[in-house]
file entry03.cif (mmCIF, C-alpha atoms and all ligand atoms)
data_my_file
#
loop_
_atom_site.label_atom_id
_atom_site.label_comp_id
_atom_site.auth_asym_id
_atom_site.auth_seq_id
_atom_site.Cartn_x
_atom_site.Cartn_y
_atom_site.Cartn_z
CA MET A 1 -65.70 -107.66 54.57
CA ARG A 2 -65.53 -103.87 55.02
CA ILE A 3 -66.59 -101.97 51.94
CA PRO A 4 -66.25 -98.20 51.37
CA LYS A 5 -69.21 -96.56 49.69
CA VAL A 6 -70.07 -92.99 48.70
CA TYR A 7 -73.54 -91.45 48.86
CA LYS A 8 -74.14 -88.20 47.03
CA TYR A 9 -76.87 -85.80 48.12
CA LYS A 10 -77.93 -82.43 46.83
CA LEU A 11 -77.63 -79.79 49.55
CA CYS A 12 -80.05 -76.88 50.00
CA PRO A 13 -77.92 -74.38 51.95
CA ASN A 14 -79.54 -71.11 53.03
CA ALA A 15 -78.05 -67.77 51.98
CA THR A 16 -75.70 -67.63 55.00
CA GLN A 17 -74.46 -71.18 54.43
CA LYS A 18 -73.94 -70.52 50.73
CA GLY A 19 -71.76 -67.58 51.74
CA VAL A 20 -69.81 -69.83 54.12
CA PHE A 21 -69.26 -72.44 51.37
CA ARG A 22 -68.16 -69.77 48.92
CA ARG A 23 -65.69 -68.25 51.38
CA TRP A 24 -64.31 -71.65 52.41
CA LEU A 25 -63.77 -72.61 48.77
CA GLY A 26 -61.89 -69.34 48.27
CA THR A 27 -59.79 -69.87 51.41
CA CYS A 28 -58.94 -73.45 50.37
CA ARG A 29 -57.85 -72.21 46.97
CA PHE A 30 -55.71 -69.50 48.59
CA VAL A 31 -54.06 -72.04 50.92
CA TYR A 32 -53.39 -74.39 47.99
CA ASN A 33 -51.71 -71.65 45.97
CA LEU A 34 -49.80 -70.48 49.05
CA CYS A 35 -48.46 -74.00 49.59
CA LEU A 36 -47.50 -74.29 45.95
CA GLU A 37 -45.70 -70.95 46.01
CA HIS A 38 -43.91 -71.90 49.23
CA ARG A 39 -42.77 -75.21 47.73
CA ILE A 40 -41.49 -73.52 44.56
CA CYS A 41 -39.63 -70.79 46.51
CA HIS A 42 -38.18 -73.32 48.94
CA TRP A 43 -36.93 -75.49 46.11
CA GLN A 44 -35.41 -72.53 44.26
CA SER A 45 -33.53 -71.31 47.34
CA THR A 46 -32.45 -74.62 48.91
CA GLY A 47 -32.98 -77.26 46.20
CA GLN A 48 -35.09 -79.25 48.62
CA GLY A 49 -38.74 -80.21 48.84
CA LEU A 50 -41.19 -79.58 51.68
CA SER A 51 -43.15 -82.21 53.58
CA GLU A 52 -46.85 -82.19 54.31
CA TYR A 53 -45.98 -82.03 58.01
CA SER A 54 -43.84 -78.91 57.70
CA GLN A 55 -46.43 -77.18 55.51
CA ASN A 56 -49.11 -77.90 58.08
CA ARG A 57 -46.88 -76.40 60.77
CA ASP A 58 -46.28 -73.32 58.59
CA LEU A 59 -50.03 -73.02 58.02
CA THR A 60 -50.70 -72.73 61.76
CA LEU A 61 -48.04 -69.96 61.92
CA VAL A 62 -49.57 -68.06 58.99
CA LYS A 63 -52.98 -68.26 60.69
CA LYS A 64 -51.56 -66.28 63.64
CA GLU A 65 -50.12 -63.52 61.42
CA PRO A 66 -51.98 -60.19 61.58
CA GLY A 67 -54.12 -59.74 58.48
CA PHE A 68 -54.63 -63.47 58.01
CA GLU A 69 -57.26 -64.02 60.71
CA TRP A 70 -59.76 -65.00 58.00
CA LEU A 71 -57.77 -68.21 57.50
CA ASN A 72 -59.28 -69.35 60.80
CA GLU A 73 -62.83 -69.35 59.46
CA PRO A 74 -62.82 -72.81 57.80
CA HIS A 75 -62.53 -75.93 59.94
CA SER A 76 -58.84 -76.61 60.59
CA GLN A 77 -59.03 -80.15 59.16
CA VAL A 78 -60.52 -78.80 55.94
CA LEU A 79 -57.40 -76.70 55.39
CA GLN A 80 -55.13 -79.59 56.45
CA ASP A 81 -56.85 -81.62 53.76
CA VAL A 82 -55.87 -78.94 51.23
CA VAL A 83 -52.23 -79.30 52.32
CA ARG A 84 -52.64 -83.03 51.84
CA ARG A 85 -54.00 -82.46 48.33
CA MET A 86 -50.92 -80.36 47.58
CA SER A 87 -48.65 -83.12 48.79
CA LEU A 88 -50.57 -85.68 46.68
CA SER A 89 -50.21 -83.45 43.61
CA PHE A 90 -46.44 -83.51 44.14
CA GLU A 91 -46.45 -87.28 44.62
CA HIS A 92 -48.23 -87.59 41.26
CA PHE A 93 -45.73 -85.20 39.73
CA PHE A 94 -42.78 -87.29 40.98
CA ARG A 95 -44.44 -90.35 39.45
CA GLY A 96 -44.51 -88.68 36.04
CA ALA A 97 -47.69 -86.58 35.98
CA GLY A 98 -47.61 -82.87 35.14
CA PHE A 99 -46.37 -80.19 37.54
CA PRO A 100 -49.13 -79.03 39.95
CA LYS A 101 -51.13 -76.15 38.49
CA TRP A 102 -52.23 -72.97 40.23
CA ALA A 103 -55.77 -73.40 41.53
CA SER A 104 -58.00 -71.03 39.57
CA LYS A 105 -61.50 -69.98 40.47
CA HIS A 106 -62.76 -72.19 37.64
CA SER A 107 -60.86 -75.28 38.70
CA TRP A 108 -61.47 -75.32 42.45
CA HIS A 109 -64.88 -76.73 43.36
CA SER A 110 -64.67 -78.76 46.55
CA PHE A 111 -63.48 -79.03 50.12
CA ARG A 112 -63.46 -82.01 52.43
CA PHE A 113 -63.91 -82.89 56.08
CA PRO A 114 -61.39 -85.75 56.24
CA GLN A 115 -62.50 -87.16 59.61
CA ALA A 116 -65.82 -87.67 61.34
CA HIS A 117 -64.99 -88.10 65.02
CA ASN A 118 -67.49 -88.26 67.90
CA ASN A 119 -70.57 -87.73 65.78
CA SER A 120 -69.19 -84.42 64.50
CA ILE A 121 -70.83 -85.21 61.16
CA ARG A 122 -74.30 -86.72 61.38
CA ILE A 123 -77.67 -86.91 59.69
CA GLU A 124 -80.95 -86.14 61.43
CA GLY A 125 -84.13 -86.07 59.41
CA SER A 126 -83.24 -84.30 56.19
CA ARG A 127 -80.46 -82.25 57.74
CA LEU A 128 -76.72 -82.85 57.65
CA ARG A 129 -74.53 -81.50 60.42
CA LEU A 130 -71.15 -80.20 59.27
CA PRO A 131 -68.52 -78.94 61.76
CA LYS A 132 -68.41 -75.12 61.96
CA VAL A 133 -71.20 -74.85 59.38
CA GLY A 134 -74.07 -76.28 61.41
CA TRP A 135 -77.20 -78.01 60.14
CA VAL A 136 -77.57 -77.91 56.36
CA LYS A 137 -80.81 -79.02 54.74
CA PHE A 138 -80.48 -81.56 51.95
CA TYR A 139 -82.52 -83.85 49.70
CA TYR A 140 -82.39 -87.12 51.63
CA HIS A 141 -83.50 -89.22 48.64
CA ARG A 142 -82.03 -92.49 49.91
CA GLN A 143 -81.02 -93.98 53.22
CA CYS A 144 -77.35 -93.43 54.14
CA GLU A 145 -76.25 -96.75 55.63
CA GLY A 146 -72.98 -97.38 57.44
CA CYS A 147 -70.53 -95.44 59.52
CA ILE A 148 -69.72 -91.93 58.17
CA LYS A 149 -65.97 -91.50 57.53
CA GLN A 150 -65.61 -88.36 55.41
CA VAL A 151 -67.71 -85.68 53.76
CA THR A 152 -66.77 -83.73 50.64
CA VAL A 153 -68.77 -80.64 49.72
CA LYS A 154 -68.77 -80.08 45.96
CA LYS A 155 -70.03 -77.24 43.83
CA GLN A 156 -71.33 -78.38 40.47
CA ALA A 157 -73.04 -76.08 37.96
CA GLY A 158 -73.97 -73.62 40.69
CA ALA A 159 -75.43 -76.22 43.09
CA TYR A 160 -73.84 -77.76 46.19
CA PHE A 161 -73.60 -81.49 46.82
CA ALA A 162 -72.37 -83.57 49.75
CA CYS A 163 -70.47 -86.79 48.98
CA ILE A 164 -70.59 -88.87 52.13
CA LEU A 165 -68.05 -91.68 52.42
CA VAL A 166 -69.24 -94.52 54.64
CA GLU A 167 -67.97 -97.96 55.55
CA GLN A 168 -70.29 -100.98 55.39
CA CYS A 169 -69.93 -104.64 56.25
CA HIS A 170 -71.01 -107.35 53.79
CA ASP A 171 -70.54 -111.08 53.48
CA PRO A 172 -70.15 -112.73 50.08
CA VAL A 173 -73.14 -114.69 48.71
CA PRO A 174 -72.11 -118.08 47.26
CA ALA A 175 -73.32 -118.61 43.67
CA SER A 176 -73.30 -121.66 41.43
CA GLU A 177 -72.45 -121.64 37.71
CA SER A 178 -76.01 -122.57 36.79
CA GLN A 179 -77.28 -119.30 38.27
CA ALA A 180 -75.08 -117.25 35.90
CA VAL A 181 -76.80 -114.65 33.73
CA GLY A 182 -75.21 -113.29 30.55
CA ILE A 183 -75.57 -109.59 29.70
CA ASP A 184 -75.23 -108.14 26.22
CA LEU A 185 -74.65 -104.39 26.07
CA GLY A 186 -75.70 -102.32 23.11
CA ILE A 187 -76.86 -99.01 21.76
CA ALA A 188 -80.49 -99.76 20.89
CA ARG A 189 -80.94 -101.75 24.07
CA LEU A 190 -78.68 -100.76 26.94
CA ALA A 191 -78.61 -104.28 28.43
CA THR A 192 -80.19 -107.54 27.31
CA LEU A 193 -80.11 -110.46 29.75
CA SER A 194 -79.96 -114.13 28.78
CA THR A 195 -83.26 -114.53 30.65
CA GLY A 196 -84.92 -112.37 27.97
CA GLU A 197 -85.25 -109.31 30.20
CA TRP A 198 -83.97 -106.04 28.76
CA TYR A 199 -83.35 -102.40 29.64
CA ALA A 200 -83.82 -99.64 27.08
CA ASN A 201 -81.35 -96.89 26.27
CA PRO A 202 -82.29 -93.83 28.37
CA LYS A 203 -82.48 -91.65 25.18
CA LEU A 204 -81.17 -88.56 26.88
CA PHE A 205 -80.00 -87.02 23.66
CA GLN A 206 -83.57 -86.84 22.41
CA ARG A 207 -84.63 -85.21 25.66
CA PHE A 208 -81.82 -82.72 26.19
CA GLY A 209 -80.35 -82.43 22.65
CA PRO A 210 -82.65 -79.68 21.32
CA GLU A 211 -82.09 -77.50 24.40
CA VAL A 212 -78.31 -78.00 24.19
CA LYS A 213 -78.32 -77.15 20.48
CA ARG A 214 -80.44 -74.05 21.04
CA LEU A 215 -78.13 -72.77 23.80
CA GLN A 216 -75.00 -73.53 21.80
CA ARG A 217 -76.38 -71.58 18.83
CA LYS A 218 -77.22 -68.68 21.14
CA LEU A 219 -73.74 -68.83 22.69
CA SER A 220 -72.05 -68.68 19.31
CA ARG A 221 -73.97 -65.50 18.43
CA GLN A 222 -73.06 -63.73 21.67
CA GLU A 223 -69.90 -61.75 22.29
CA TYR A 224 -67.22 -63.90 23.95
CA GLN A 225 -66.95 -63.32 27.74
CA SER A 226 -69.80 -60.76 27.72
CA ASN A 227 -72.39 -60.91 30.51
CA GLY A 228 -74.98 -62.50 28.21
CA TRP A 229 -72.40 -65.05 27.05
CA LYS A 230 -71.56 -65.97 30.63
CA LYS A 231 -75.24 -66.35 31.48
CA THR A 232 -75.85 -68.66 28.53
CA LYS A 233 -72.72 -70.60 29.41
CA ARG A 234 -74.04 -71.17 32.94
CA ARG A 235 -77.40 -72.31 31.60
CA LEU A 236 -75.69 -74.68 29.18
CA SER A 237 -73.60 -76.22 31.95
CA ARG A 238 -76.76 -76.67 34.06
CA VAL A 239 -78.46 -78.57 31.21
CA HIS A 240 -75.36 -80.77 30.76
CA ALA A 241 -75.21 -81.44 34.49
CA LYS A 242 -78.90 -82.35 34.57
CA ALA A 243 -78.48 -84.75 31.61
CA LYS A 244 -75.54 -86.35 33.39
CA ARG A 245 -77.54 -86.81 36.59
CA CYS A 246 -80.47 -88.32 34.65
CA ARG A 247 -78.13 -90.74 32.90
CA GLN A 248 -76.46 -91.77 36.12
CA ASP A 249 -79.79 -92.18 37.87
CA TYR A 250 -81.00 -94.50 35.12
CA LEU A 251 -77.77 -96.52 35.06
CA HIS A 252 -77.80 -96.82 38.85
CA LYS A 253 -81.40 -98.04 38.93
CA ALA A 254 -80.86 -100.59 36.15
CA SER A 255 -77.59 -101.93 37.59
CA THR A 256 -79.03 -102.19 41.11
CA ALA A 257 -82.07 -104.08 39.82
CA ILE A 258 -79.87 -106.57 37.94
CA VAL A 259 -77.43 -107.11 40.82
CA ARG A 260 -80.25 -107.62 43.35
CA LYS A 261 -81.93 -110.23 41.17
CA TYR A 262 -79.03 -112.42 40.01
CA PRO A 263 -76.15 -113.93 42.03
CA ALA A 264 -73.66 -114.32 39.14
CA LEU A 265 -73.18 -112.03 36.15
CA VAL A 266 -71.20 -112.57 32.95
CA VAL A 267 -70.59 -109.50 30.79
CA GLU A 268 -68.64 -108.78 27.63
CA GLN A 269 -65.37 -106.90 27.83
CA LEU A 270 -66.21 -103.73 25.91
CA GLN A 271 -63.85 -102.37 23.31
CA LEU A 272 -65.21 -98.87 23.54
CA GLN A 273 -62.17 -97.33 21.93
CA ASN A 274 -62.70 -99.40 18.80
CA MET A 275 -66.42 -98.83 18.85
CA SER A 276 -66.21 -95.07 19.17
CA ARG A 277 -63.19 -94.60 16.91
CA SER A 278 -63.75 -91.92 14.31
CA ALA A 279 -65.39 -93.32 11.21
CA ARG A 280 -63.99 -90.69 8.86
CA GLY A 281 -60.84 -92.62 7.98
CA THR A 282 -58.11 -91.10 5.80
CA VAL A 283 -58.21 -89.37 2.41
CA SER A 284 -56.97 -92.45 0.58
CA ARG A 285 -59.25 -94.79 2.55
CA PRO A 286 -62.40 -92.88 3.50
CA GLY A 287 -64.49 -94.54 6.19
CA LYS A 288 -67.83 -96.15 5.47
CA ARG A 289 -71.13 -94.88 6.88
CA VAL A 290 -69.54 -91.82 8.48
CA ARG A 291 -72.77 -90.04 9.44
CA CYS A 292 -74.28 -93.21 10.77
CA LYS A 293 -71.24 -93.93 12.90
CA SER A 294 -70.82 -90.41 14.27
CA GLY A 295 -74.43 -90.68 15.42
CA LEU A 296 -73.39 -93.90 17.09
CA ASN A 297 -70.48 -92.15 18.80
CA ARG A 298 -72.86 -89.58 20.19
CA SER A 299 -75.26 -92.17 21.51
CA LEU A 300 -72.37 -94.20 22.93
CA ARG A 301 -71.40 -91.27 25.10
CA ASP A 302 -75.08 -90.78 25.81
CA VAL A 303 -75.53 -94.32 27.07
CA GLY A 304 -72.35 -94.57 29.16
CA LEU A 305 -71.77 -98.30 28.67
CA GLY A 306 -68.36 -98.31 30.32
CA GLN A 307 -69.79 -96.58 33.37
CA PHE A 308 -72.64 -99.09 33.47
CA LEU A 309 -70.19 -102.00 33.52
CA GLU A 310 -68.23 -100.37 36.33
CA MET A 311 -71.41 -99.96 38.36
CA LEU A 312 -72.33 -103.61 37.84
CA GLU A 313 -68.84 -104.65 38.89
CA TYR A 314 -68.61 -102.65 42.10
CA LYS A 315 -72.20 -103.40 43.08
CA CYS A 316 -71.44 -107.10 42.66
CA ARG A 317 -68.46 -106.59 44.96
CA TRP A 318 -70.59 -104.73 47.50
CA ASN A 319 -73.20 -107.44 47.56
CA GLY A 320 -70.87 -110.43 47.38
CA ARG A 321 -72.01 -111.50 43.90
CA SER A 322 -69.85 -113.11 41.26
CA PHE A 323 -68.85 -110.94 38.31
CA LYS A 324 -67.02 -112.10 35.19
CA ARG A 325 -65.88 -110.34 32.02
CA VAL A 326 -65.41 -112.36 28.82
CA TYR A 327 -64.00 -111.52 25.42
CA PRO A 328 -67.06 -111.16 23.17
CA ARG A 329 -65.83 -112.53 19.85
CA TYR A 330 -68.53 -113.94 17.52
CA THR A 331 -71.16 -113.72 20.24
CA SER A 332 -73.39 -111.86 17.79
CA GLN A 333 -72.98 -114.41 14.98
CA LYS A 334 -72.96 -117.68 16.88
CA CYS A 335 -76.14 -119.69 17.43
CA ALA A 336 -76.70 -120.23 21.15
CA ASN A 337 -78.63 -123.42 20.37
CA CYS A 338 -76.32 -125.42 18.05
CA GLY A 339 -73.12 -123.35 17.97
CA HIS A 340 -73.18 -122.66 14.22
CA THR A 341 -71.27 -119.42 13.59
CA SER A 342 -71.99 -117.40 10.47
CA PRO A 343 -72.71 -113.77 9.55
CA GLU A 344 -75.74 -115.10 7.60
CA ASN A 345 -77.37 -115.88 10.94
CA ARG A 346 -78.10 -112.16 11.22
CA PRO A 347 -80.56 -111.12 8.48
CA THR A 348 -81.12 -107.74 10.21
CA GLN A 349 -79.60 -105.87 13.13
CA ALA A 350 -82.25 -107.04 15.60
CA GLN A 351 -83.06 -110.48 14.20
CA PHE A 352 -81.23 -113.75 14.67
CA ARG A 353 -82.12 -116.82 12.60
CA CYS A 354 -79.74 -119.78 12.56
CA VAL A 355 -79.16 -121.10 9.01
CA ASN A 356 -78.19 -124.51 10.45
CA CYS A 357 -80.90 -125.40 12.98
CA GLY A 358 -83.53 -122.73 12.31
CA GLN A 359 -83.44 -121.35 15.85
CA ALA A 360 -84.85 -117.80 15.84
CA ASP A 361 -84.46 -115.20 18.60
CA HIS A 362 -83.83 -111.53 19.18
CA ALA A 363 -80.18 -110.97 18.23
CA ASP A 364 -79.31 -109.42 21.60
CA ILE A 365 -80.87 -112.27 23.59
CA ASN A 366 -78.93 -114.79 21.49
CA ALA A 367 -75.72 -112.82 22.13
CA SER A 368 -76.35 -112.64 25.88
CA LYS A 369 -76.85 -116.43 25.99
CA ASN A 370 -73.48 -116.85 24.24
CA ILE A 371 -71.86 -114.51 26.75
CA ARG A 372 -73.36 -116.52 29.64
CA ASP A 373 -72.00 -119.76 28.13
CA LEU A 374 -68.56 -118.18 27.58
CA GLY A 375 -68.46 -117.37 31.28
CA ARG A 376 -69.12 -121.02 32.08
CA ILE A 377 -66.42 -122.32 29.74
CA SER A 378 -63.77 -119.77 30.46
CA GLY A 379 -63.36 -120.23 34.20
CA SER A 380 -62.84 -117.26 36.42
CA GLN A 381 -60.25 -115.39 34.41
CA TYR A 382 -61.01 -112.88 31.72
CA GLY A 383 -59.33 -113.65 28.41
CA GLN A 384 -59.60 -117.44 28.50
CA GLY A 385 -62.91 -117.33 26.71
CA LEU A 386 -61.27 -116.72 23.40
CA ARG A 387 -59.24 -119.92 23.48
CA ALA A 388 -62.10 -122.04 24.73
CA LEU A 389 -64.49 -120.83 22.03
CA PRO A 390 -64.75 -123.11 18.98
CA VAL A 391 -64.41 -120.79 15.98
CA SER A 392 -65.76 -122.21 12.75
CA ALA A 393 -66.23 -119.01 10.79
ZN ZN A 401 -78.39 -123.14 15.34
#
call {"tool": "encode", "arguments": {"input": "entry03.cif", "output": "structure tokens"}}
result
Amino acid sequence: MRIPKVYKYKLCPNATQKGVFRRWLGTCRFVYNLCLEHRICHWQSTGQGLSEYSQNRDLTLVKKEPGFEWLNEPHSQVLQDVVRRMSLSFEHFFRGAGFPKWASKHSWHSFRFPQAHNNSIRIEGSRLRLPKVGWVKFYYHRQCEGCIKQVTVKKQAGAYFACILVEQCHDPVPASESQAVGIDLGIARLATLSTGEWYANPKLFQRFGPEVKRLQRKLSRQEYQSNGWKKTKRRLSRVHAKAKRCRQDYLHKASTAIVRKYPALVVEQLQLQNMSRSARGTVSRPGKRVRCKSGLNRSLRDVGLGQFLEMLEYKCRWNGRSFKRVYPRYTSQKCANCGHTSPENRPTQAQFRCVNCGQADHADINASKNIRDLGRISGSQYGQGLRALPVSA
């Protein structure tokens, strides 16, 4: 089975290469806006649209015009990819999305080499070769396996990254039901496995929160759009970007460890929208525990549970493991030992003590065992778990 995969590396371009990236980004943005303008004018005068093919042909003509020689600096396929992006924007528009917007300096952050023919893009040591740019140093923090198909250069919070799309071959690993492991997701503990293993919440808010608060206070005191304001804004976005990278790094490490160890995973279908819904309520029916719940909302975003589930799912697909989602009703109140379901089984948030059989466990471990069992009962399709579950409460 051929599986596409993206590796992301931080680039360390030298001053010349940074200049090249900056100019290419500007040229791409110019070409995008040019294409958009051309499409609008063409439609206004003839009532007809333009194809990607004809815009590409026009682009080669514009490149030969005097005064537009600088359009020849970026790799030709990079600009063709911009034309393709334009055409995709229109496809989205025809399917009901908004009309394509003008590309502003603040919204245009990437360009792409859509093809990697004849070793034109390759890695040697900790250097990446890009057509017309040359060898760019980068942090080669993990092995890039597979055949390189595309490379996208992205600018994020002032730094450049390369997203390398590769294609890998994997065969599915057969798994039996008895090897299934249930996973309970939560706020205090990111993931608790039915084997008793657990992964903590990365607690990024505690680490980056004070810095973010300090910068936000500073920003609010500064004059809007002044040089100091812009500087603080840049620093703030760097802290946010760093927190995001730390979170993703943690989620990636945890999900990889779980997928490597177990051949079949059963997880709960999260209802994040319900969980993170505003607790304030209405004037006639004010919500309960508002402060408590808004703290929960913050930590929910902090943890990134939905993202974690996605990682588990696609990593299972990459590695040929079985992955199942079940509807998690009563998993926190049901006893995994005897099946007795009652809210009284939970004396505290973390504790589980069955009032029927006396079985005691950590509440999250009990829940993850229930999730594992739901996966066994419910068959392969999500949603059947609810009907198969005996509900006595
Ligand atoms: Zn029990």
call {"tool": "closest_atom_pairs", "arguments": {"input": "entry03.cif", "of": "chain A", "to": "ligand ZN 401 (chain A)", "cutoff": "7 Å", "atoms": "only C-alpha atoms and all ligand atoms", "output": "JSON lines"}}
result
{"residue": "A:Cys335", "atom": "CA", "partner": "A:ZN401", "partner_atom": "ZN", "distance": 4.6}
{"residue": "A:Ala336", "atom": "CA", "partner": "A:ZN401", "partner_atom": "ZN", "distance": 6.7}
{"residue": "A:Asn337", "atom": "CA", "partner": "A:ZN401", "partner_atom": "ZN", "distance": 5.0}
{"residue": "A:Cys338", "atom": "CA", "partner": "A:ZN401", "partner_atom": "ZN", "distance": 4.1}
{"residue": "A:Gly339", "atom": "CA", "partner": "A:ZN401", "partner_atom": "ZN", "distance": 5.9}
{"residue": "A:His340", "atom": "CA", "partner": "A:ZN401", "partner_atom": "ZN", "distance": 5.4}
{"residue": "A:Cys354", "atom": "CA", "partner": "A:ZN401", "partner_atom": "ZN", "distance": 4.6}
{"residue": "A:Val355", "atom": "CA", "partner": "A:ZN401", "partner_atom": "ZN", "distance": 6.7}
{"residue": "A:Asn356", "atom": "CA", "partner": "A:ZN401", "partner_atom": "ZN", "distance": 5.1}
{"residue": "A:Cys357", "atom": "CA", "partner": "A:ZN401", "partner_atom": "ZN", "distance": 4.1}
{"residue": "A:Gly358", "atom": "CA", "partner": "A:ZN401", "partner_atom": "ZN", "distance": 6.0}
{"residue": "A:Gln359", "atom": "CA", "partner": "A:ZN401", "partner_atom": "ZN", "distance": 5.4}
call {"tool": "residues_around", "arguments": {"input": "entry03.cif", "residues": "stretch 95-110 of chain A", "least_positions_apart": "3", "cutoff": "10 Å", "atoms": "only C-alpha atoms", "output": "VMD selection string"}}
result
chain A and resid 21 to 22 24 to 26 28 to 34 36 to 37 82 86 to 92 152 to 158 160 to 162
call {"tool": "atom_distance", "arguments": {"input": "entry03.cif", "atom1": "atom CA of A:Gln179", "atom2": "atom CA of A:Leu309"}}
result
19.3 Å
call {"tool": "residues_around", "arguments": {"input": "entry03.cif", "residues": "stretch 183-196 of chain A", "least_positions_apart": "6", "cutoff": "6 Å", "atoms": "all atoms listed in the file", "output": "mmCIF file with C-alpha atoms, in the coordinates of the input"}}
result
data_model
loop_
_atom_site.group_PDB
_atom_site.id
_atom_site.type_symbol
_atom_site.label_atom_id
_atom_site.label_comp_id
_atom_site.auth_asym_id
_atom_site.auth_seq_id
_atom_site.Cartn_x
_atom_site.Cartn_y
_atom_site.Cartn_z
ATOM 1 C CA VAL A 267 -70.590 -109.500 30.790
ATOM 2 C CA ILE A 365 -80.870 -112.270 23.590
ATOM 3 C CA SER A 368 -76.350 -112.640 25.880
ATOM 4 C CA LYS A 369 -76.850 -116.430 25.990
#
call {"tool": "atom_distance", "arguments": {"input": "entry03.cif", "atom1": "atom CA of A:Cys144", "atom2": "atom CA of A:Ala15"}}
result
25.8 Å
call {"tool": "atom_distance", "arguments": {"input": "entry03.cif", "atom1": "atom CA of A:Cys12", "atom2": "atom CA of A:Arg85"}}
result
26.7 Å
call {"tool": "closest_residue", "arguments": {"input": "entry03.cif", "among": "A:Ala159, A:Cys41, A:Ala175, A:Ile123", "to": "A:Arg238", "atoms": "only C-alpha atoms"}}
result
A:Ala159
